[in-house]
Amino acid sequence: MTPSGRTPARPAPLTKPDGSPIRVLVVDDEQSLTDLLRMALRYEGWDVRTAADGHAALGIVREFRPDALVLDVMMPGLDGLEVLHRLRAQNDDTPVLFLTAKDSLDDRLAGLTAGGDDYVTKPFSLEEVVARLRGLIRRTALVSAANSPIITVGDLELNEDSYEVHRSGSQIDLTATEFELLRYLMRNPRRVLSKPQILDRVWSYDFDGRASVVELYISYLRKKIDAGREPMIHTVRGAGYMIKAAGS
């Protein structure tokens, strides 16, 4: 229920531009959990497959070619981090939502630094997983770009059609989440954006005060955008973050 007492409207279904359903692979060794997630995601109108271990998941990825993965970190044999490592080594940039039973910062950072795009901590609600996945899918090339595809701030250029980013002519490789965060900053140059604003726009979900994920991704962007150059991404203490042309 919303604060006004009304039941919120169900979000519009997400499909590919050609109208075909989104494909999601759920990987977890707990069958009861994968059954629940499969039911919830099929309710979204998506095509869902499941796997009980990492080796099976890699085989299904090659055949099914999912648009997003829900991947448990702790599995016997080939764990979720190793599955993701192998996918990224094959230049597979499918968005990944990690499931973890551990709520420590180190475990969350391990998944994100391995190339994952988001995480949820067990126990979680099905609504939370769906919301996080919807956010990831919106941030991939499955979503049509709007208006002019080129955004420029100083010597930094972002192409919403090709999902390429260049600074001073040098290409910068970003994950789907890093790209969406940078796009939000660049669409609001010289404007201070608060952590709650960034969470709402980039993650499309209330993180219940987990603003540390914003700090984490800002640090990722700085290492890629500002490393060895005059900084463009600035912290406004107590207020948020802002991007502006170097030297301005």
# chains A, B, ... in the order shown; residues from 1 in each chain; ligands from 1
>>> select_by_dssp(residues="region 14-193 of chain A", states="alpha helix (DSSP H)", output="PyMOL selection string")
chain A and resi 31-43+54-64+80-89+105-113+126-138+176-186
>>> residues_around(residues="region 168-177 of chain A", least_positions_apart="4", cutoff="10 Å", atoms="only C-alpha atoms", output="short mmCIF file (atom, residue, chain, number, x, y, z; two decimals) with N, CA and C atoms, in the first residue's frame")
data_model
loop_
_atom_site.label_atom_id
_atom_site.label_comp_id
_atom_site.auth_asym_id
_atom_site.auth_seq_id
_atom_site.Cartn_x
_atom_site.Cartn_y
_atom_site.Cartn_z
N ASP A 93 28.61 -9.67 -21.13
CA ASP A 93 28.29 -8.57 -20.20
C ASP A 93 26.84 -8.60 -19.74
N THR A 94 26.23 -9.78 -19.74
CA THR A 94 24.86 -9.91 -19.25
C THR A 94 24.74 -9.36 -17.84
N PRO A 95 23.76 -8.50 -17.55
CA PRO A 95 23.60 -7.96 -16.19
C PRO A 95 23.36 -9.08 -15.17
N VAL A 96 24.00 -8.96 -14.01
CA VAL A 96 23.92 -9.99 -12.98
C VAL A 96 23.45 -9.39 -11.66
N GLY A 115 32.31 -7.87 -11.15
CA GLY A 115 31.59 -7.53 -12.38
C GLY A 115 30.10 -7.67 -12.27
N GLY A 116 29.60 -7.93 -11.06
CA GLY A 116 28.16 -7.98 -10.86
C GLY A 116 27.58 -6.56 -10.87
N ASP A 117 26.29 -6.47 -11.12
CA ASP A 117 25.66 -5.16 -11.25
C ASP A 117 24.84 -4.76 -10.04
N ASP A 118 24.38 -5.71 -9.26
CA ASP A 118 23.57 -5.39 -8.08
C ASP A 118 23.53 -6.64 -7.21
N GLY A 135 15.18 -2.74 -12.76
CA GLY A 135 16.14 -1.65 -12.85
C GLY A 135 17.33 -2.01 -13.71
N LEU A 136 17.87 -3.22 -13.54
CA LEU A 136 19.01 -3.66 -14.35
C LEU A 136 18.65 -3.73 -15.83
N ILE A 137 17.49 -4.29 -16.12
CA ILE A 137 17.08 -4.47 -17.52
C ILE A 137 16.87 -3.13 -18.19
N ARG A 138 16.32 -2.16 -17.46
CA ARG A 138 16.14 -0.82 -18.04
C ARG A 138 17.47 -0.19 -18.41
N ARG A 139 18.54 -0.57 -17.69
CA ARG A 139 19.82 0.07 -17.92
C ARG A 139 20.66 -0.60 -18.99
N THR A 140 20.12 -1.62 -19.63
CA THR A 140 20.87 -2.31 -20.68
C THR A 140 20.41 -1.82 -22.04
N ALA A 141 21.07 -2.29 -23.07
CA ALA A 141 20.75 -1.88 -24.44
C ALA A 141 19.39 -2.39 -24.88
N GLY A 154 32.21 18.72 -21.15
CA GLY A 154 33.64 18.95 -21.33
C GLY A 154 34.20 18.00 -22.37
N ASP A 155 35.28 17.27 -22.01
CA ASP A 155 35.89 16.33 -22.95
C ASP A 155 35.37 14.91 -22.76
N LEU A 156 34.26 14.79 -22.03
CA LEU A 156 33.65 13.48 -21.77
C LEU A 156 32.41 13.32 -22.65
N GLU A 157 32.33 12.21 -23.36
CA GLU A 157 31.22 11.97 -24.29
C GLU A 157 30.62 10.59 -24.03
N LEU A 158 29.29 10.54 -23.95
CA LEU A 158 28.56 9.30 -23.72
C LEU A 158 27.56 9.10 -24.84
N TYR A 163 26.30 2.71 -26.29
CA TYR A 163 26.76 2.47 -24.91
C TYR A 163 28.29 2.59 -24.82
N GLU A 164 28.84 3.56 -25.55
CA GLU A 164 30.26 3.85 -25.49
C GLU A 164 30.50 5.16 -24.77
N LEU A 181 24.72 5.37 -14.00
CA LEU A 181 25.08 6.42 -13.03
C LEU A 181 25.74 7.59 -13.74
N LEU A 182 26.67 7.29 -14.64
CA LEU A 182 27.33 8.38 -15.37
C LEU A 182 26.34 9.13 -16.24
N ARG A 183 25.43 8.40 -16.88
CA ARG A 183 24.43 9.06 -17.72
C ARG A 183 23.58 10.03 -16.89
N VAL A 202 18.89 5.67 -10.46
CA VAL A 202 19.79 4.67 -11.04
C VAL A 202 19.39 3.26 -10.68
N TRP A 203 19.02 3.05 -9.42
CA TRP A 203 18.66 1.70 -8.98
C TRP A 203 17.15 1.45 -9.02
N TYR A 217 29.89 3.13 -6.16
CA TYR A 217 29.88 3.29 -7.61
C TYR A 217 30.47 4.64 -8.04
N TYR A 220 34.04 3.87 -8.24
CA TYR A 220 34.35 3.15 -9.48
C TYR A 220 34.47 4.12 -10.66
N LEU A 221 33.49 5.03 -10.78
CA LEU A 221 33.51 5.97 -11.88
C LEU A 221 34.74 6.87 -11.83
N LYS A 224 37.75 5.30 -13.26
CA LYS A 224 37.72 5.13 -14.70
C LYS A 224 37.68 6.47 -15.46
N ILE A 225 36.94 7.43 -14.92
CA ILE A 225 36.76 8.71 -15.61
C ILE A 225 37.86 9.71 -15.28
N ARG A 229 43.69 12.23 -14.68
CA ARG A 229 43.20 13.43 -15.38
C ARG A 229 42.66 14.42 -14.35
#
>>> closest_residue(among="A:Leu69, A:Asp28, A:Arg42, A:Asp92", to="Lys122 (chain A)", atoms="only C-alpha atoms")
A:Asp28
>>> atom_distance(atom1="CA of Arg167 (chain A)", atom2="CA of Ala239 (chain A)")
26.4 Å
>>> residues_around(residues="Leu97 (chain A)", least_positions_apart="6", cutoff="10 Å", atoms="only C-alpha atoms", output="list in words")
Val26, Ala68, Leu69, Val70, Leu71, Asp72, Val73, Gly111, Leu112, Gly116, Asp117, Asp118, Tyr119, Val120, Val129, Arg132, Leu133 and Leu136 of chain A
